[in-house]
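Student: mmCIF, C-alpha atoms and all ligand atoms, file target30.cif:
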data_data
#
loop_
_atom_site.label_atom_id
_atom_site.label_comp_id
_atom_site.auth_asym_id
_atom_site.auth_seq_id
_atom_site.Cartn_x
_atom_site.Cartn_y
_atom_site.Cartn_z
CA MET A 1 -40.27 142.72 -60.92
CA ILE A 2 -40.88 139.31 -59.39
CA LYS A 3 -38.28 136.75 -58.49
CA LEU A 4 -38.93 133.03 -59.04
CA PRO A 5 -36.76 129.97 -58.39
CA GLY A 6 -34.91 128.54 -61.40
CA LEU A 7 -37.48 126.50 -63.32
CA ILE A 8 -37.02 122.79 -64.00
CA ASP A 9 -38.30 121.20 -67.19
CA PRO A 10 -38.40 117.42 -66.79
CA HIS A 11 -39.35 116.78 -70.44
CA VAL A 12 -37.14 118.15 -73.24
CA HIS A 13 -36.17 116.62 -76.60
CA VAL A 14 -32.70 118.02 -77.22
CA ARG A 15 -32.24 116.05 -80.53
CA GLU A 16 -28.53 115.46 -80.06
CA PRO A 17 -27.18 112.96 -81.10
CA GLY A 18 -28.66 112.45 -84.53
CA ALA A 19 -30.90 115.36 -85.47
CA THR A 20 -28.90 118.50 -84.76
CA HIS A 21 -30.51 120.28 -87.70
CA LYS A 22 -33.65 120.44 -85.46
CA GLU A 23 -31.88 121.34 -82.18
CA ASP A 24 -28.70 120.56 -80.25
CA TRP A 25 -27.40 120.92 -76.71
CA ASP A 26 -26.34 124.49 -77.41
CA THR A 27 -29.61 125.82 -78.83
CA ALA A 28 -31.86 123.76 -76.55
CA THR A 29 -30.15 125.10 -73.44
CA GLN A 30 -30.17 128.67 -74.76
CA ALA A 31 -33.92 128.29 -75.33
CA ALA A 32 -34.23 126.85 -71.82
CA LEU A 33 -32.43 129.76 -70.16
CA ALA A 34 -34.36 132.32 -72.22
CA GLY A 35 -37.54 130.64 -70.99
CA GLY A 36 -36.45 130.72 -67.33
CA PHE A 37 -35.41 127.05 -67.02
CA THR A 38 -32.13 126.44 -65.21
CA THR A 39 -32.37 122.63 -65.33
CA ILE A 40 -33.68 120.41 -68.12
CA LEU A 41 -34.09 116.64 -68.25
CA ALA A 42 -33.39 115.28 -71.74
CA MET A 43 -35.42 112.54 -73.39
CA PRO A 44 -33.67 109.47 -74.87
CA ASN A 45 -35.45 109.12 -78.27
CA THR A 46 -32.44 110.42 -80.15
CA THR A 47 -30.60 108.75 -83.05
CA PRO A 48 -29.19 106.45 -81.81
CA PRO A 49 -31.53 106.20 -78.82
CA ILE A 50 -29.83 106.49 -75.41
CA PHE A 51 -30.19 103.07 -73.82
CA ASP A 52 -26.74 101.72 -72.85
CA GLU A 53 -23.36 102.90 -71.61
CA LYS A 54 -21.99 103.76 -75.04
CA THR A 55 -24.98 105.85 -76.11
CA LEU A 56 -25.25 107.50 -72.67
CA ASP A 57 -21.57 108.49 -72.92
CA LEU A 58 -22.19 109.82 -76.43
CA GLY A 59 -25.15 111.99 -75.37
CA LEU A 60 -23.45 113.25 -72.22
CA ALA A 61 -20.26 114.16 -74.11
CA SER A 62 -22.21 116.59 -76.35
CA ALA A 63 -24.04 117.93 -73.31
CA LYS A 64 -20.80 118.50 -71.41
CA GLU A 65 -19.32 120.39 -74.32
CA LYS A 66 -22.32 122.53 -75.19
CA ALA A 67 -24.91 122.85 -72.42
CA ARG A 68 -25.45 126.33 -70.98
CA CYS A 69 -27.90 125.28 -68.26
CA ASP A 70 -27.86 122.30 -65.87
CA TYR A 71 -29.20 118.98 -67.07
CA ALA A 72 -29.58 115.23 -66.76
CA GLN A 73 -30.23 112.59 -69.41
CA PHE A 74 -32.98 109.94 -69.38
CA LEU A 75 -32.29 106.36 -70.40
CA GLY A 76 -34.72 104.70 -72.79
CA ALA A 77 -36.31 101.35 -71.91
CA GLY A 78 -35.65 98.89 -74.72
CA PRO A 79 -36.61 95.24 -75.18
CA ASP A 80 -33.49 93.85 -73.51
CA ASN A 81 -31.70 96.53 -71.47
CA ALA A 82 -33.47 96.26 -68.09
CA SER A 83 -30.48 95.19 -66.00
CA LEU A 84 -28.14 97.55 -67.83
CA ALA A 85 -30.55 100.48 -67.30
CA ALA A 86 -30.73 99.64 -63.59
CA GLU A 87 -26.92 99.69 -63.36
CA LEU A 88 -26.69 103.01 -65.21
CA ALA A 89 -29.53 104.61 -63.19
CA PRO A 90 -27.28 106.69 -60.88
CA ARG A 91 -25.99 108.53 -63.98
CA ALA A 92 -29.50 109.12 -65.40
CA ALA A 93 -32.47 111.44 -64.87
CA GLY A 94 -34.70 108.36 -64.78
CA LEU A 95 -36.03 105.69 -67.15
CA LYS A 96 -38.37 106.59 -70.02
CA MET A 97 -40.72 103.95 -71.38
CA TYR A 98 -42.71 104.54 -74.55
CA LEU A 99 -45.93 102.53 -74.44
CA ASP A 100 -47.60 104.31 -77.35
CA SER A 101 -47.00 105.78 -80.74
CA THR A 102 -44.16 108.28 -80.67
CA PHE A 103 -41.26 109.76 -82.66
CA GLY A 104 -38.34 107.30 -82.81
CA GLU A 105 -37.81 103.59 -82.19
CA LEU A 106 -38.30 103.06 -78.48
CA ARG A 107 -41.93 101.86 -78.37
CA LEU A 108 -42.54 98.76 -76.18
CA ASP A 109 -45.78 96.90 -76.86
CA ASP A 110 -45.31 93.59 -75.08
CA MET A 111 -46.13 93.95 -71.36
CA SER A 112 -43.67 91.21 -70.42
CA LEU A 113 -40.95 93.64 -71.53
CA TRP A 114 -42.32 96.25 -69.11
CA MET A 115 -42.11 93.75 -66.24
CA ALA A 116 -38.32 93.43 -66.32
CA HIS A 117 -37.92 97.21 -66.14
CA PHE A 118 -40.45 97.64 -63.34
CA ALA A 119 -38.78 94.89 -61.35
CA SER A 120 -35.22 96.20 -61.67
CA PHE A 121 -35.10 99.99 -62.07
CA PRO A 122 -34.16 101.60 -58.70
CA LYS A 123 -37.13 102.98 -56.78
CA ASN A 124 -35.50 106.28 -55.83
CA LEU A 125 -36.14 107.49 -59.40
CA PRO A 126 -39.38 107.33 -61.33
CA ILE A 127 -40.09 105.38 -64.47
CA VAL A 128 -41.56 107.99 -66.80
CA LEU A 129 -44.29 106.66 -69.05
CA HIS A 130 -45.33 107.91 -72.43
CA SER A 131 -48.76 106.33 -72.12
CA GLU A 132 -52.17 107.36 -73.31
CA SER A 133 -55.61 106.40 -72.05
CA ARG A 134 -55.67 102.61 -71.48
CA THR A 135 -51.90 102.13 -71.60
CA MET A 136 -51.77 104.75 -68.85
CA ALA A 137 -54.18 102.65 -66.79
CA ALA A 138 -51.94 99.63 -67.41
CA GLY A 139 -48.90 101.64 -66.32
CA ILE A 140 -50.64 102.63 -63.08
CA LEU A 141 -51.47 98.99 -62.42
CA PHE A 142 -47.77 98.21 -62.87
CA ALA A 143 -46.89 100.96 -60.34
CA ALA A 144 -49.28 99.29 -57.86
CA ILE A 145 -48.06 95.74 -58.49
CA TYR A 146 -44.37 96.62 -58.28
CA ASP A 147 -44.98 99.27 -55.57
CA ARG A 148 -42.76 101.83 -57.22
CA PRO A 149 -43.03 105.43 -58.47
CA VAL A 150 -44.18 106.11 -62.02
CA HIS A 151 -44.49 109.53 -63.56
CA ILE A 152 -47.01 109.90 -66.38
CA ALA A 153 -45.74 112.26 -69.08
CA HIS A 154 -47.93 114.82 -70.86
CA ILE A 155 -51.44 113.92 -69.74
CA SER A 156 -54.06 115.34 -72.10
CA LEU A 157 -57.43 113.66 -71.43
CA LYS A 158 -60.18 114.03 -68.86
CA GLU A 159 -60.22 110.25 -68.30
CA GLU A 160 -56.47 110.35 -67.57
CA VAL A 161 -56.57 113.08 -64.95
CA LEU A 162 -59.58 111.44 -63.27
CA LEU A 163 -57.91 108.03 -63.12
CA ILE A 164 -54.67 109.54 -61.74
CA LYS A 165 -56.74 111.28 -59.07
CA ALA A 166 -58.35 107.98 -58.10
CA ALA A 167 -54.97 106.18 -58.11
CA LYS A 168 -53.43 108.85 -55.85
CA GLU A 169 -56.36 108.48 -53.45
CA LYS A 170 -55.52 104.76 -53.24
CA GLY A 171 -51.93 105.58 -52.35
CA ILE A 172 -50.43 104.35 -55.62
CA LYS A 173 -47.10 106.06 -56.29
CA VAL A 174 -48.10 107.97 -59.40
CA THR A 175 -47.24 111.53 -60.38
CA CYS A 176 -47.93 113.32 -63.65
CA GLU A 177 -47.20 116.31 -65.80
CA VAL A 178 -49.14 118.38 -68.33
CA ALA A 179 -47.73 120.36 -71.25
CA PRO A 180 -48.81 123.98 -71.82
CA HIS A 181 -50.10 123.06 -75.28
CA HIS A 182 -52.53 120.54 -73.79
CA LEU A 183 -53.77 123.24 -71.39
CA LEU A 184 -54.14 125.91 -74.06
CA LEU A 185 -54.85 124.33 -77.45
CA THR A 186 -57.61 122.02 -78.64
CA ALA A 187 -57.95 119.86 -81.73
CA PRO A 188 -59.32 122.05 -84.55
CA SER A 189 -62.73 120.39 -84.65
CA SER A 190 -63.27 120.99 -80.92
CA VAL A 191 -65.99 123.36 -79.68
CA PRO A 192 -64.47 126.70 -78.54
CA PRO A 193 -64.68 127.63 -74.85
CA ALA A 194 -67.73 129.58 -73.67
CA SER A 195 -65.67 132.63 -72.72
CA GLY A 196 -62.09 133.45 -73.61
CA GLY A 197 -59.69 135.17 -71.23
CA GLU A 198 -58.89 138.83 -71.71
CA THR A 199 -55.41 138.48 -73.14
CA LEU A 200 -55.28 134.81 -74.07
CA ILE A 201 -57.38 135.20 -77.21
CA PRO A 202 -55.21 133.38 -79.69
CA PRO A 203 -55.10 133.72 -83.43
CA PRO A 204 -56.52 130.55 -85.02
CA PHE A 205 -53.94 127.76 -85.17
CA THR A 206 -54.61 126.03 -88.44
CA GLY A 207 -51.46 123.94 -88.56
CA GLY A 208 -49.96 125.37 -91.75
CA ALA A 209 -50.78 124.61 -95.38
CA ARG A 210 -51.07 120.85 -94.86
CA GLY A 211 -52.05 120.94 -91.20
CA GLY A 212 -48.79 119.25 -90.18
CA ARG A 213 -47.98 121.82 -87.51
CA LEU A 214 -50.91 120.45 -85.49
CA GLU A 215 -49.27 117.03 -85.23
CA VAL A 216 -48.24 116.19 -81.67
CA ARG A 217 -48.37 113.07 -79.49
CA PRO A 218 -50.50 112.88 -77.45
CA ARG A 219 -52.79 114.65 -79.91
CA LEU A 220 -54.52 117.90 -79.01
CA ALA A 221 -57.77 116.97 -77.29
CA THR A 222 -61.28 118.41 -76.93
CA GLN A 223 -62.42 121.45 -74.97
CA ALA A 224 -63.99 119.09 -72.39
CA ASP A 225 -60.58 117.46 -71.86
CA VAL A 226 -58.86 120.84 -71.54
CA ASP A 227 -61.52 122.01 -69.06
CA ALA A 228 -61.02 118.85 -66.98
CA LEU A 229 -57.25 119.45 -66.82
CA TRP A 230 -57.80 123.00 -65.54
CA ALA A 231 -60.46 121.82 -63.09
CA ASN A 232 -58.09 119.17 -61.67
CA LEU A 233 -54.85 121.15 -61.59
CA ASP A 234 -54.35 120.05 -57.98
CA VAL A 235 -53.93 116.46 -59.26
CA ILE A 236 -51.21 117.51 -61.73
CA ASP A 237 -47.73 117.58 -60.18
CA CYS A 238 -45.69 119.27 -62.91
CA ILE A 239 -46.00 121.48 -65.94
CA ALA A 240 -43.42 120.22 -68.44
CA THR A 241 -42.94 121.58 -71.94
CA ASP A 242 -42.35 118.37 -73.93
CA HIS A 243 -40.21 120.68 -76.08
CA ALA A 244 -40.09 118.60 -79.28
CA PRO A 245 -38.59 120.71 -82.03
CA HIS A 246 -38.92 119.77 -85.71
CA THR A 247 -38.16 122.28 -88.45
CA LEU A 248 -40.93 124.18 -90.17
CA GLU A 249 -39.99 122.48 -93.43
CA GLU A 250 -40.51 119.07 -91.78
CA LYS A 251 -43.78 120.14 -90.16
CA ASP A 252 -45.12 121.40 -93.49
CA SER A 253 -44.00 118.30 -95.41
CA GLU A 254 -46.08 115.34 -96.64
CA ASN A 255 -45.07 113.34 -93.58
CA PRO A 256 -44.98 115.78 -90.65
CA PRO A 257 -43.30 114.50 -87.47
CA PRO A 258 -45.24 115.10 -84.22
CA GLY A 259 -44.07 117.67 -81.70
CA PHE A 260 -44.08 121.35 -80.67
CA PRO A 261 -41.27 123.51 -79.32
CA GLY A 262 -42.15 124.90 -75.89
CA LEU A 263 -39.20 126.05 -73.78
CA GLU A 264 -39.49 129.74 -74.60
CA THR A 265 -43.28 130.05 -74.53
CA ALA A 266 -44.22 128.09 -71.39
CA LEU A 267 -43.49 130.70 -68.73
CA PRO A 268 -44.99 133.72 -70.53
CA LEU A 269 -48.13 131.72 -71.34
CA LEU A 270 -48.48 130.54 -67.75
CA LEU A 271 -47.75 134.00 -66.29
CA THR A 272 -50.54 135.24 -68.52
CA ALA A 273 -52.81 132.58 -67.03
CA VAL A 274 -51.73 133.82 -63.57
CA ASP A 275 -52.61 137.38 -64.60
CA GLU A 276 -56.03 136.17 -65.74
CA GLY A 277 -56.64 134.43 -62.42
CA ARG A 278 -56.65 130.92 -63.93
CA LEU A 279 -53.51 129.82 -62.05
CA ARG A 280 -51.87 130.96 -58.82
CA ILE A 281 -48.20 131.95 -58.86
CA ASP A 282 -47.62 129.51 -55.99
CA ASP A 283 -49.01 126.69 -58.16
CA LEU A 284 -46.69 127.70 -60.97
CA ILE A 285 -43.67 127.53 -58.62
CA GLU A 286 -44.82 124.20 -57.21
CA LYS A 287 -45.36 122.63 -60.65
CA MET A 288 -42.31 124.10 -62.39
CA HIS A 289 -39.77 123.91 -59.57
CA THR A 290 -40.67 122.26 -56.26
CA ASN A 291 -42.42 119.14 -57.54
CA PRO A 292 -40.05 118.25 -60.42
CA LYS A 293 -37.14 118.74 -58.00
CA ARG A 294 -38.67 116.31 -55.51
CA ILE A 295 -39.95 113.73 -58.03
CA PHE A 296 -36.63 113.48 -59.90
CA ASN A 297 -34.44 113.82 -56.82
CA LEU A 298 -32.63 116.92 -58.10
CA PRO A 299 -30.05 118.83 -56.04
CA ASP A 300 -30.36 122.43 -54.85
CA GLN A 301 -28.98 125.05 -57.18
CA PRO A 302 -27.54 127.68 -54.82
CA GLU A 303 -27.81 131.35 -55.83
CA THR A 304 -30.15 130.49 -58.68
CA TRP A 305 -33.26 132.48 -59.57
CA ILE A 306 -35.09 134.18 -62.41
CA GLU A 307 -36.38 137.73 -62.57
CA VAL A 308 -39.59 138.48 -64.43
CA ASP A 309 -41.15 141.75 -65.53
CA GLU A 310 -44.73 140.80 -64.80
CA ASP A 311 -46.19 143.86 -66.53
CA ALA A 312 -44.44 143.45 -69.90
CA ARG A 313 -47.05 142.82 -72.60
CA TYR A 314 -45.88 141.54 -75.96
CA GLU A 315 -46.63 139.14 -78.78
CA ILE A 316 -44.96 135.75 -79.11
CA ARG A 317 -42.79 135.71 -82.23
CA SER A 318 -40.84 132.71 -83.46
CA ALA A 319 -38.27 135.05 -84.99
CA GLU A 320 -37.18 136.01 -81.45
CA GLN A 321 -36.63 132.43 -80.26
CA PHE A 322 -33.31 130.66 -79.63
CA THR A 323 -34.60 127.21 -80.65
CA LYS A 324 -33.38 126.12 -84.07
CA CYS A 325 -36.75 124.87 -85.24
CA GLY A 326 -37.98 128.26 -86.39
CA TRP A 327 -41.64 128.17 -85.37
CA THR A 328 -44.08 127.96 -82.46
CA PRO A 329 -47.74 126.95 -82.29
CA PHE A 330 -48.27 130.09 -80.19
CA GLU A 331 -47.17 132.56 -82.88
CA GLY A 332 -48.98 135.87 -82.41
CA TRP A 333 -50.39 135.14 -78.92
CA GLN A 334 -50.52 138.17 -76.65
CA VAL A 335 -48.80 137.44 -73.36
CA LYS A 336 -47.95 139.32 -70.18
CA GLY A 337 -44.70 138.56 -68.32
CA ARG A 338 -41.12 138.50 -69.60
CA VAL A 339 -37.93 136.93 -68.24
CA THR A 340 -35.48 139.80 -67.79
CA ARG A 341 -32.63 138.16 -65.89
CA VAL A 342 -31.52 134.65 -64.87
CA LEU A 343 -28.89 133.74 -62.30
CA LEU A 344 -27.52 130.22 -62.28
CA ARG A 345 -25.15 129.17 -59.49
CA GLY A 346 -24.23 132.80 -58.84
CA LYS A 347 -23.57 133.70 -62.48
CA GLU A 348 -25.74 136.02 -64.55
CA VAL A 349 -26.71 133.77 -67.49
CA VAL A 350 -29.50 135.82 -69.10
CA LYS A 351 -29.83 139.60 -69.17
CA ASP A 352 -32.40 141.52 -71.23
CA GLY A 353 -32.84 138.86 -73.89
CA LYS A 354 -29.14 138.00 -74.20
CA ILE A 355 -27.67 134.62 -73.21
CA LEU A 356 -24.51 135.27 -71.20
CA ALA A 357 -23.70 131.69 -70.17
CA LYS A 358 -21.00 130.12 -72.30
CA LYS A 359 -21.19 126.67 -73.89
CA GLY A 360 -20.17 124.12 -71.29
CA PHE A 361 -21.32 126.22 -68.31
CA GLY A 362 -24.17 123.79 -67.69
CA SER A 363 -23.42 120.92 -65.36
CA ASN A 364 -24.68 117.36 -65.25
CA ILE A 365 -26.61 117.21 -61.97
CA ARG A 366 -26.00 113.44 -61.71
CA GLU A 367 -22.21 113.76 -61.81
O1 LIG B 1 -45.22 114.95 -80.20
C1 LIG B 1 -44.30 114.24 -79.82
N1 LIG B 1 -43.03 114.52 -80.14
N2 LIG B 1 -44.57 113.16 -79.08
C2 LIG B 1 -43.63 112.25 -78.78
O2 LIG B 1 -43.94 111.25 -78.16
C3 LIG B 1 -42.24 112.43 -79.19
C4 LIG B 1 -41.96 113.84 -79.52
C5 LIG B 1 -40.71 113.98 -80.36
O3 LIG B 1 -39.68 113.45 -79.97
O4 LIG B 1 -40.78 114.64 -81.39
ZN ZN B 2 -41.83 113.96 -75.32
#
Here is the file; what I need is its structure written in the form of structure tokens.
Ligand code: DOR
Ligand code: ZN

Tutor:
Amino acid sequence: MIKLPGLIDPHVHVREPGATHKEDWDTATQAALAGGFTTILAMPNTTPPIFDEKTLDLGLASAKEKARCDYAQFLGAGPDNASLAAELAPRAAGLKMYLDSTFGELRLDDMSLWMAHFASFPKNLPIVLHSESRTMAAGILFAAIYDRPVHIAHISLKEEVLLIKAAKEKGIKVTCEVAPHHLLLTAPSSVPPASGGETLIPPPFTGGARGGRLEVRPRLATQADVDALWANLDVIDCIATDHAPHTLEEKDSENPPPGFPGLETALPLLLTAVDEGRLRIDDLIEKMHTNPKRIFNLPDQPETWIEVDEDARYEIRSAEQFTKCGWTPFEGWQVKGRVTRVLLRGKEVVKDGKILAKKGFGSNIRE
């Protein structure tokens, strides 16, 4: 048995309000606890999006009623809410800005709209950017001009990790995260790796009958991109799931929405990478606890830890998950390492696959 600190996932799409058939605060936080996460930060691209006092109150009311792990809620950057977002910042996880194609209505194309947010959002919290390739470079330039922290969500490309490395060397206040799926999956046309790991030989992921299960933003990249992420892990501050549940019916439809669930698969997949010698356990703790805690200014959780049976070998099965969405891109993967027990603020909240925390046990870490 090994003991790890309670994991923090700074990138979760809870789907409440507005799409509770995909997920809600109850199921998302059960999935989080089952996956070893004791704190999650919730994204604002809900329906309605969370961007003012009324919508923040609405989202936080559901969270207060239903959450079983600790949490905070991001505000979304819209075309005209910069001063309001700055006022609400103490109640928020941070500010999320969508600079590229995404799910929902929060995309901001005009750079003059970014300027107001960069000028006014408090500097003790990062602005989190959904940015890809050249918009990421633009976002880093904004961090330099306004001399403030930005956190780049879900990096996926070699060019991105290399530019972040160069920006950090210049002293620009940029941090970043990678999602397990961008470390472990490639776009279907990509050349396979020269040698697979012993246990991480996955069944082919074809994306379902119409290929819709492959849809995710940023898209899955090439093997060269994946190799560059692994080779530059020291540049990557956090591993965040970007848990983005959509139902299997939606994923297999004519118009599949982008996104993968990830809360329950991240830790077993990464423990398997540790077992294979591709990642050190200290790096896992740094990227899934220490760094997100520092970057997002999160409080200590006393008497909080997770216990893992590092020798347990099993197959990932969506039927065993707590998420409502009913599928995982990692179906059938052989992994090594299982969460057996979770303590949160002195209370046993997971034991042998059962969630013991009640609805409402989770607390808003910004309150
Ligand atoms: O794949 C994605 N899913 N990328 C996004 O930017 C949004 C997310 C979602 O909310 O489904
Ligand atoms: Zn996301």

Student: Could you tell me how far CA of Leu220 (chain A) lies from CA of Arg148 (chain A), in Å and to one decimal?

Tutor: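 Answer for the CA of Leu220 (chain A) to CA of Arg148 (chain A) separation: 29.5 Å.
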
Student: Using all atoms listed in the file, determine which residues fall within 8 Å of ligand ZN 2 (chain B), then list them as a ChimeraX atom specification.

Tutor: /A:11-13,43,130,153-154,217,242-244,259

Student: Using only C-alpha atoms, what does the table of region 57-109 of chain A residues within 10 Å of region 298-320 of chain A look like, with each row giving the shortest atom pair and its distance in Å to one decimal, sorted by chain and ascending number, as a Markdown table?

Tutor:
| residue | atom | partner | partner_atom | distance |
| --- | --- | --- | --- | --- |
| A:Asp70 | CA | A:Gln301 | CA | 9.2 |
| A:Tyr71 | CA | A:Leu298 | CA | 9.8 |
| A:Ala72 | CA | A:Leu298 | CA | 9.3 |
| A:Ala93 | CA | A:Leu298 | CA | 8.7 |

Student: Could you check which of A:Asp282, A:Met97, A:Lys359, A:Asn364 is closest to Arg68 (chain A), using all atoms listed in the file?

Tutor: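 Among the listed residues, A:Lys359 lies closest to Arg68 (chain A).
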
Student: Can you pull out every residue with an atom within 7 Å of ligand LIG 1 (chain B)? Use all atoms listed in the file and format it as a PyMOL selection string.

Tutor: chain A and resi 13+45+101-104+130+215-218+244-246+257-260

Student: Using all atoms listed in the file, pick whichever of A:Met288, A:Ala138, A:Cys69, A:Leu344 has the shortest atom-to-atom distance to Glu177 (chain A).

Tutor: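 Ranking A:Met288, A:Ala138, A:Cys69, A:Leu344 by distance to Glu177 (chain A), first place goes to A:Met288.
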
Student: From the coordinates I just gave you, please extract region 55-101 of chain A so that only C-alpha atoms remain, then output it as a compact mmCIF listing (two decimals), in the first residue's frame.

Tutor:
# COMPACT_ATOMS: atom_id res chain seq x y z
CA THR A 55 -24.81 32.38 -12.62
CA LEU A 56 -22.01 31.91 -10.06
CA ASP A 57 -24.64 31.70 -7.30
CA LEU A 58 -26.61 29.21 -9.41
CA GLY A 59 -23.60 26.92 -9.98
CA LEU A 60 -22.41 27.14 -6.39
CA ALA A 61 -25.88 26.36 -5.02
CA SER A 62 -25.92 22.99 -6.83
CA ALA A 63 -22.35 22.34 -5.72
CA LYS A 64 -23.18 23.10 -2.09
CA GLU A 65 -26.12 20.74 -2.16
CA LYS A 66 -24.48 17.85 -3.97
CA ALA A 67 -20.67 17.90 -3.93
CA ARG A 68 -18.95 15.04 -2.11
CA CYS A 69 -15.39 16.36 -2.51
CA ASP A 70 -13.98 19.89 -2.13
CA TYR A 71 -14.21 22.28 -5.03
CA ALA A 72 -14.07 25.76 -6.50
CA GLN A 73 -15.77 27.21 -9.58
CA PHE A 74 -14.09 29.08 -12.46
CA LEU A 75 -15.62 32.20 -13.95
CA GLY A 76 -15.81 32.46 -17.73
CA ALA A 77 -14.38 35.49 -19.54
CA GLY A 78 -17.08 36.99 -21.73
CA PRO A 79 -17.08 40.02 -24.06
CA ASP A 80 -18.16 42.50 -21.38
CA ASN A 81 -17.69 41.05 -17.88
CA ALA A 82 -14.07 42.02 -17.12
CA SER A 83 -14.73 44.31 -14.16
CA LEU A 84 -17.45 42.04 -12.79
CA ALA A 85 -15.14 39.00 -13.03
CA ALA A 86 -12.43 40.93 -11.18
CA GLU A 87 -14.89 41.76 -8.38
CA LEU A 88 -16.07 38.15 -8.12
CA ALA A 89 -12.52 36.73 -8.24
CA PRO A 90 -12.23 36.02 -4.48
CA ARG A 91 -15.17 33.60 -4.82
CA ALA A 92 -13.72 31.85 -7.90
CA ALA A 93 -11.06 29.25 -8.75
CA GLY A 94 -9.74 31.65 -11.40
CA LEU A 95 -10.77 33.07 -14.78
CA LYS A 96 -11.13 30.82 -17.83
CA MET A 97 -10.71 32.33 -21.29
CA TYR A 98 -11.56 30.34 -24.40
CA LEU A 99 -9.44 31.55 -27.31
CA ASP A 100 -10.22 28.61 -29.60
CA SER A 101 -12.93 26.29 -30.73
